[in-house]
>>> print(open('model_33.pdb').read())   # PDB, C-alpha atoms
ATOM      1  CA  MET A 276      48.169  61.509 -87.619
ATOM      2  CA  SER A 277      47.496  61.163 -83.926
ATOM      3  CA  SER A 278      44.096  60.182 -82.672
ATOM      4  CA  ILE A 279      41.840  62.803 -81.145
ATOM      5  CA  THR A 280      42.384  61.275 -77.705
ATOM      6  CA  ASP A 281      46.163  61.405 -78.147
ATOM      7  CA  LEU A 282      45.926  65.046 -79.233
ATOM      8  CA  ALA A 283      43.779  65.878 -76.199
ATOM      9  CA  ALA A 284      46.327  64.211 -73.907
ATOM     10  CA  ARG A 285      49.178  66.195 -75.497
ATOM     11  CA  LEU A 286      47.180  69.407 -75.072
ATOM     12  CA  GLY A 287      46.470  68.587 -71.444
ATOM     13  CA  ALA A 288      50.131  67.965 -70.692
ATOM     14  CA  ALA A 289      51.129  71.258 -72.314
ATOM     15  CA  LEU A 290      48.453  73.202 -70.418
ATOM     16  CA  ARG A 291      49.307  71.486 -67.132
ATOM     17  CA  SER A 292      52.973  72.470 -67.536
ATOM     18  CA  GLN A 293      51.879  76.122 -67.713
ATOM     19  CA  SER A 294      49.127  75.836 -65.097
ATOM     20  CA  ALA A 295      46.884  77.304 -67.798
ATOM     21  CA  GLN A 296      43.217  76.933 -68.650
ATOM     22  CA  VAL A 297      41.566  76.473 -72.042
ATOM     23  CA  THR A 298      37.958  77.133 -73.035
ATOM     24  CA  THR A 299      35.936  76.200 -76.088
ATOM     25  CA  ALA A 300      33.260  78.033 -78.060
ATOM     26  CA  GLU A 301      31.597  75.557 -80.393
ATOM     27  CA  SER A 302      28.883  75.605 -82.972
ATOM     28  CA  CYS A 303      29.115  72.907 -85.676
ATOM     29  CA  THR A 304      31.055  70.513 -83.430
ATOM     30  CA  GLY A 305      28.306  70.565 -80.795
ATOM     31  CA  GLY A 306      30.689  70.224 -77.855
ATOM     32  CA  GLY A 307      33.000  67.708 -79.514
ATOM     33  CA  ILE A 308      36.156  69.651 -78.689
ATOM     34  CA  ALA A 309      35.192  69.902 -75.011
ATOM     35  CA  GLU A 310      34.289  66.206 -75.008
ATOM     36  CA  ALA A 311      37.699  65.304 -76.399
ATOM     37  CA  ILE A 312      39.479  67.445 -73.807
ATOM     38  CA  THR A 313      37.496  65.912 -70.950
ATOM     39  CA  ARG A 314      38.294  62.346 -72.075
ATOM     40  CA  ILE A 315      41.602  62.892 -70.324
ATOM     41  CA  ALA A 316      41.688  62.073 -66.615
ATOM     42  CA  GLY A 317      42.523  65.169 -64.586
ATOM     43  CA  SER A 318      41.279  67.554 -67.280
ATOM     44  CA  SER A 319      39.543  69.677 -64.648
ATOM     45  CA  ALA A 320      43.038  71.078 -63.959
ATOM     46  CA  TRP A 321      43.066  72.801 -67.370
ATOM     47  CA  PHE A 322      39.426  72.898 -68.504
ATOM     48  CA  GLU A 323      36.640  74.445 -66.429
ATOM     49  CA  ALA A 324      34.121  75.697 -68.991
ATOM     50  CA  GLY A 325      33.106  75.437 -72.602
ATOM     51  CA  PHE A 326      30.255  76.904 -74.615
ATOM     52  CA  VAL A 327      28.044  75.270 -77.223
ATOM     53  CA  THR A 328      26.314  78.138 -78.986
ATOM     54  CA  TYR A 329      24.514  76.579 -81.912
ATOM     55  CA  SER A 330      22.234  79.536 -82.678
ATOM     56  CA  ASN A 331      23.277  83.065 -83.549
ATOM     57  CA  SER A 332      21.184  84.427 -80.688
ATOM     58  CA  GLN A 333      23.115  82.285 -78.191
ATOM     59  CA  LYS A 334      26.425  83.342 -79.721
ATOM     60  CA  THR A 335      25.353  86.901 -78.914
ATOM     61  CA  ARG A 336      23.817  86.125 -75.513
ATOM     62  CA  GLN A 337      26.566  83.904 -74.113
ATOM     63  CA  LEU A 338      29.660  85.096 -75.983
ATOM     64  CA  GLN A 339      28.821  88.733 -76.815
ATOM     65  CA  VAL A 340      29.228  88.213 -80.563
ATOM     66  CA  PRO A 341      27.911  91.457 -82.118
ATOM     67  CA  GLU A 342      24.580  90.767 -83.862
ATOM     68  CA  HIS A 343      25.532  92.812 -86.925
ATOM     69  CA  LEU A 344      28.255  90.288 -87.802
ATOM     70  CA  PHE A 345      25.664  87.654 -88.704
ATOM     71  CA  VAL A 346      24.178  90.016 -91.283
ATOM     72  CA  ASP A 347      27.475  91.518 -92.423
ATOM     73  CA  VAL A 348      29.625  88.376 -92.814
ATOM     74  CA  GLY A 349      27.565  85.392 -91.631
ATOM     75  CA  ALA A 350      27.994  82.960 -88.763
ATOM     76  CA  VAL A 351      30.626  80.958 -90.650
ATOM     77  CA  SER A 352      33.300  83.646 -90.814
ATOM     78  CA  ARG A 353      36.613  84.794 -89.399
ATOM     79  CA  GLU A 354      34.983  87.689 -87.582
ATOM     80  CA  VAL A 355      32.422  85.517 -85.801
ATOM     81  CA  VAL A 356      34.839  82.807 -84.638
ATOM     82  CA  GLU A 357      37.298  85.430 -83.421
ATOM     83  CA  ALA A 358      34.482  87.090 -81.452
ATOM     84  CA  MET A 359      33.386  83.702 -80.106
ATOM     85  CA  ALA A 360      36.911  82.929 -78.889
ATOM     86  CA  ARG A 361      37.197  86.324 -77.185
ATOM     87  CA  GLY A 362      33.775  85.968 -75.585
ATOM     88  CA  ALA A 363      34.628  82.520 -74.254
ATOM     89  CA  GLN A 364      37.905  83.810 -72.818
ATOM     90  CA  GLN A 365      36.130  86.678 -71.083
ATOM     91  CA  ALA A 366      33.333  84.506 -69.717
ATOM     92  CA  SER A 367      35.660  81.771 -68.429
ATOM     93  CA  ALA A 368      38.846  83.712 -67.589
ATOM     94  CA  ALA A 369      40.829  81.054 -69.499
ATOM     95  CA  ARG A 370      44.154  82.039 -71.060
ATOM     96  CA  TYR A 371      43.564  79.961 -74.193
ATOM     97  CA  ALA A 372      40.451  79.559 -76.327
ATOM     98  CA  VAL A 373      39.333  77.856 -79.490
ATOM     99  CA  ALA A 374      36.155  78.613 -81.427
ATOM    100  CA  VAL A 375      34.512  76.857 -84.370
ATOM    101  CA  SER A 376      31.656  77.584 -86.746
ATOM    102  CA  GLY A 377      31.000  75.757 -89.970
ATOM    103  CA  VAL A 378      28.723  74.027 -92.430
ATOM    104  CA  ALA A 379      28.810  70.344 -91.464
ATOM    105  CA  GLY A 380      25.866  69.317 -93.652
ATOM    106  CA  PRO A 381      24.053  67.611 -95.045
ATOM    107  CA  GLY A 382      22.220  70.886 -95.793
ATOM    108  CA  GLY A 383      23.034  74.532 -95.286
ATOM    109  CA  GLY A 384      25.788  74.988 -97.830
ATOM    110  CA  SER A 385      25.939  77.779-100.388
ATOM    111  CA  PRO A 386      28.185  78.593-103.362
ATOM    112  CA  GLU A 387      30.172  80.978-101.116
ATOM    113  CA  LYS A 388      30.301  78.564 -98.154
ATOM    114  CA  PRO A 389      29.890  75.005 -99.425
ATOM    115  CA  LEU A 390      29.460  71.968 -97.208
ATOM    116  CA  GLY A 391      32.650  71.320 -95.267
ATOM    117  CA  THR A 392      33.523  75.020 -94.846
ATOM    118  CA  VAL A 393      34.708  75.478 -91.256
ATOM    119  CA  TRP A 394      36.266  78.515 -89.579
ATOM    120  CA  LEU A 395      38.422  77.980 -86.503
ATOM    121  CA  ALA A 396      39.899  80.661 -84.262
ATOM    122  CA  TRP A 397      42.440  80.329 -81.486
ATOM    123  CA  ALA A 398      43.214  82.964 -78.874
ATOM    124  CA  CYS A 399      45.812  83.506 -76.181
ATOM    125  CA  GLY A 400      45.650  86.744 -74.247
ATOM    126  CA  ASP A 401      45.324  89.475 -76.879
ATOM    127  CA  GLN A 402      46.617  87.277 -79.707
ATOM    128  CA  LYS A 403      44.106  85.747 -82.082
ATOM    129  CA  PHE A 404      44.476  83.556 -85.128
ATOM    130  CA  ALA A 405      41.845  82.227 -87.532
ATOM    131  CA  ARG A 406      41.804  79.866 -90.471
ATOM    132  CA  CYS A 407      39.213  78.587 -92.905
ATOM    133  CA  PHE A 408      39.195  74.876 -93.673
ATOM    134  CA  HIS A 409      37.378  72.943 -96.383
ATOM    135  CA  PHE A 410      36.828  69.432 -95.076
ATOM    136  CA  GLY A 411      35.478  66.536 -97.086
ATOM    137  CA  GLY A 412      33.114  63.742 -96.184
ATOM    138  CA  ASP A 413      29.787  63.504 -94.438
ATOM    139  CA  ARG A 414      28.569  65.447 -91.408
ATOM    140  CA  GLN A 415      30.404  63.219 -88.926
ATOM    141  CA  ALA A 416      33.655  63.394 -90.890
ATOM    142  CA  VAL A 417      33.498  67.204 -91.055
ATOM    143  CA  ARG A 418      32.883  67.411 -87.325
ATOM    144  CA  GLU A 419      35.728  64.995 -86.491
ATOM    145  CA  GLN A 420      38.171  66.829 -88.761
ATOM    146  CA  SER A 421      37.125  70.098 -87.092
ATOM    147  CA  VAL A 422      37.809  68.720 -83.615
ATOM    148  CA  GLU A 423      41.186  67.384 -84.729
ATOM    149  CA  ALA A 424      42.181  70.709 -86.337
ATOM    150  CA  ALA A 425      41.061  72.592 -83.214
ATOM    151  CA  LEU A 426      43.240  70.435 -80.967
ATOM    152  CA  VAL A 427      46.262  70.576 -83.280
ATOM    153  CA  GLY A 428      45.989  74.375 -83.345
ATOM    154  CA  LEU A 429      45.685  74.566 -79.564
ATOM    155  CA  ILE A 430      48.768  72.385 -79.085
ATOM    156  CA  LYS A 431      50.736  74.682 -81.396
ATOM    157  CA  LEU A 432      49.467  77.813 -79.652
ATOM    158  CA  VAL A 433      50.217  76.518 -76.150
ATOM    159  CA  SER A 434      53.695  75.531 -77.400
ATOM    160  CA  GLY A 435      54.345  79.096 -78.580
ATOM    161  CA  GLU A 436      53.829  78.363 -82.279
ATOM    162  CA  ASN A 437      51.469  79.947 -84.782
ATOM    163  CA  PRO A 438      48.403  77.652 -84.882
ATOM    164  CA  ILE A 439      47.589  78.453 -88.508
ATOM    165  CA  GLU A 440      50.987  77.611 -89.990
ATOM    166  CA  GLY A 441      52.130  74.234 -91.153
TER     167      GLY A 441
END
>>> encode(input="model_33.pdb", output="structure tokens")
Amino acid sequence: MSSITDLAARLGAALRSQSAQVTTAESCTGGGIAEAITRIAGSSAWFEAGFVTYSNSQKTRQLQVPEHLFVDVGAVSREVVEAMARGAQQASAARYAVAVSGVAGPGGGSPEKPLGTVWLAWACGDQKFARCFHFGGDRQAVREQSVEAALVGLIKLVSGENPIEG
């Protein structure tokens, strides 16, 4: 598997070839996806803005995630990450977006959403895709696996593939 830096470089090259922008909407990764993207020299050509919305209130304030979703389905859900991706796209005017929300640990898990449960969503224009992952390891391992999965999905999406297949 490629390193996170290699994945970010591949993503940058694909975005540059389309003159396209990407944005991030992150919770459990705390800006890790944006950090990976901006490791690449020249990334300002394809990345102008990202959002770290760790609290539900900031997900609503910055990304217009409907408050009722947190009660109805919880922050770690398909509906919330899809709304986060859309909100980030609208706020940044980027063509592509990725959003993440999960339970990185060491606390916060439940029988329905155990530690390592992470939802990712990718969006391009009106298309949106979401997938639930169950990552193993400690907090850092869950976060790193989330960043890697986010970048892999973005590369697929920018290349015209379905980011949740394969």
>>> closest_residue(input="model_33.pdb", among="A:Leu426, A:Ala358, A:Ala363, A:Ala284", to="A:Thr298", atoms="all atoms listed in the file")
A:Ala363
>>> residues_near_point(input="model_33.pdb", point="(43.6, 71.6, -66.9)", cutoff="8 Å", atoms="only C-alpha atoms", output="PyMOL selection string")
chain A and resi 287+290-291+294-297+317-323
>>> write_last_selection(input="model_33.pdb", atoms="C-alpha atoms", output="CSV table (one decimal), keeping the file's coordinate frame")
chain,number,residue,atom,x,y,z
A,287,GLY,CA,46.5,68.6,-71.4
A,290,LEU,CA,48.5,73.2,-70.4
A,291,ARG,CA,49.3,71.5,-67.1
A,294,SER,CA,49.1,75.8,-65.1
A,295,ALA,CA,46.9,77.3,-67.8
A,296,GLN,CA,43.2,76.9,-68.6
A,297,VAL,CA,41.6,76.5,-72.0
A,317,GLY,CA,42.5,65.2,-64.6
A,318,SER,CA,41.3,67.6,-67.3
A,319,SER,CA,39.5,69.7,-64.6
A,320,ALA,CA,43.0,71.1,-64.0
A,321,TRP,CA,43.1,72.8,-67.4
A,322,PHE,CA,39.4,72.9,-68.5
A,323,GLU,CA,36.6,74.4,-66.4
>>> residues_around(input="model_33.pdb", residues="A:Ile439", least_positions_apart="4", cutoff="12 Å", atoms="only C-alpha atoms", output="list in words")
Trp394, Leu395, Ala396, Trp397, Ala398, Lys403, Phe404, Ala405, Arg406, Cys407, Phe408, Ala424, Ala425, Leu426, Val427, Gly428, Leu429, Ile430, Lys431 and Leu432 of chain A
>>> write_last_selection(input="model_33.pdb", atoms="C-alpha atoms", output="PDB file, keeping the file's coordinate frame")
ATOM      1  CA  TRP A 394      36.266  78.515 -89.579  1.00  0.00           C
ATOM      2  CA  LEU A 395      38.422  77.980 -86.503  1.00  0.00           C
ATOM      3  CA  ALA A 396      39.899  80.661 -84.262  1.00  0.00           C
ATOM      4  CA  TRP A 397      42.440  80.329 -81.486  1.00  0.00           C
ATOM      5  CA  ALA A 398      43.214  82.964 -78.874  1.00  0.00           C
ATOM      6  CA  LYS A 403      44.106  85.747 -82.082  1.00  0.00           C
ATOM      7  CA  PHE A 404      44.476  83.556 -85.128  1.00  0.00           C
ATOM      8  CA  ALA A 405      41.845  82.227 -87.532  1.00  0.00           C
ATOM      9  CA  ARG A 406      41.804  79.866 -90.471  1.00  0.00           C
ATOM     10  CA  CYS A 407      39.213  78.587 -92.905  1.00  0.00           C
ATOM     11  CA  PHE A 408      39.195  74.876 -93.673  1.00  0.00           C
ATOM     12  CA  ALA A 424      42.181  70.709 -86.337  1.00  0.00           C
ATOM     13  CA  ALA A 425      41.061  72.592 -83.214  1.00  0.00           C
ATOM     14  CA  LEU A 426      43.240  70.435 -80.967  1.00  0.00           C
ATOM     15  CA  VAL A 427      46.262  70.576 -83.280  1.00  0.00           C
ATOM     16  CA  GLY A 428      45.989  74.375 -83.345  1.00  0.00           C
ATOM     17  CA  LEU A 429      45.685  74.566 -79.564  1.00  0.00           C
ATOM     18  CA  ILE A 430      48.768  72.385 -79.085  1.00  0.00           C
ATOM     19  CA  LYS A 431      50.736  74.682 -81.396  1.00  0.00           C
ATOM     20  CA  LEU A 432      49.467  77.813 -79.652  1.00  0.00           C
TER      21      LEU A 432
END
>>> resolve_selection(input="model_33.pdb", expression="the PyMOL selection byres ((chain A and resi 383-388) around 12)", output="list in words")
Cys303, Val348, Gly349, Ala350, Val351, Ser352, Ser376, Gly377, Val378, Ala379, Gly380, Pro381, Gly382, Pro389, Leu390, Gly391, Thr392, Val393, Trp394, Cys407, Phe408, His409, Phe410 and Arg414 of chain A
>>> axis_aligned_box(input="model_33.pdb", around="stretch 356-361 of chain A", padding_each_side="4 Å", output="AutoDock Vina command-line options")
--center_x 35.3 --center_y 84.9 --center_z -80.9 --size_x 11.9 --size_y 12.3 --size_z 15.5
>>> resolve_selection(input="model_33.pdb", expression="the PyMOL selection byres ((chain A and resi 419) around 12)", output="MDAnalysis selection string")
chainID A and resid 278:280 303:308 310:311 379 391 393 410:418 420:426
>>> closest_residue(input="model_33.pdb", among="A:Ala324, A:Val346, A:Ala300, A:Ile312", to="A:Ala369", atoms="all atoms listed in the file")
A:Ala324
>>> resolve_selection(input="model_33.pdb", expression="the PyMOL selection byres ((chain A and resi 361) around 9)", output="PyMOL selection string")
chain A and resi 338-340+356-360+362-366+372+374+398+400-401+403
>>> residues_around(input="model_33.pdb", residues="A:Glu342", least_positions_apart="5", cutoff="8 Å", atoms="only C-alpha atoms", output="PyMOL selection string")
chain A and resi 331-332+335
>>> atom_distance(input="model_33.pdb", atom1="atom CA of A:Val327", atom2="atom CA of A:Ser292")
26.9 Å
>>> closest_residue(input="model_33.pdb", among="A:Asp347, A:Ser367, A:Pro341, A:Glu354", to="A:Phe326", atoms="all atoms listed in the file")
A:Ser367
>>> closest_residue(input="model_33.pdb", among="A:Ala368, A:Val375, A:Val433, A:Ala309", to="A:Arg353", atoms="all atoms listed in the file")
A:Val375
>>> atom_distance(input="model_33.pdb", atom1="atom CA of A:Glu301", atom2="atom CA of A:Gln337")
11.6 Å
>>> atom_distance(input="model_33.pdb", atom1="atom CA of A:Glu440", atom2="atom CA of A:Arg285")
18.5 Å
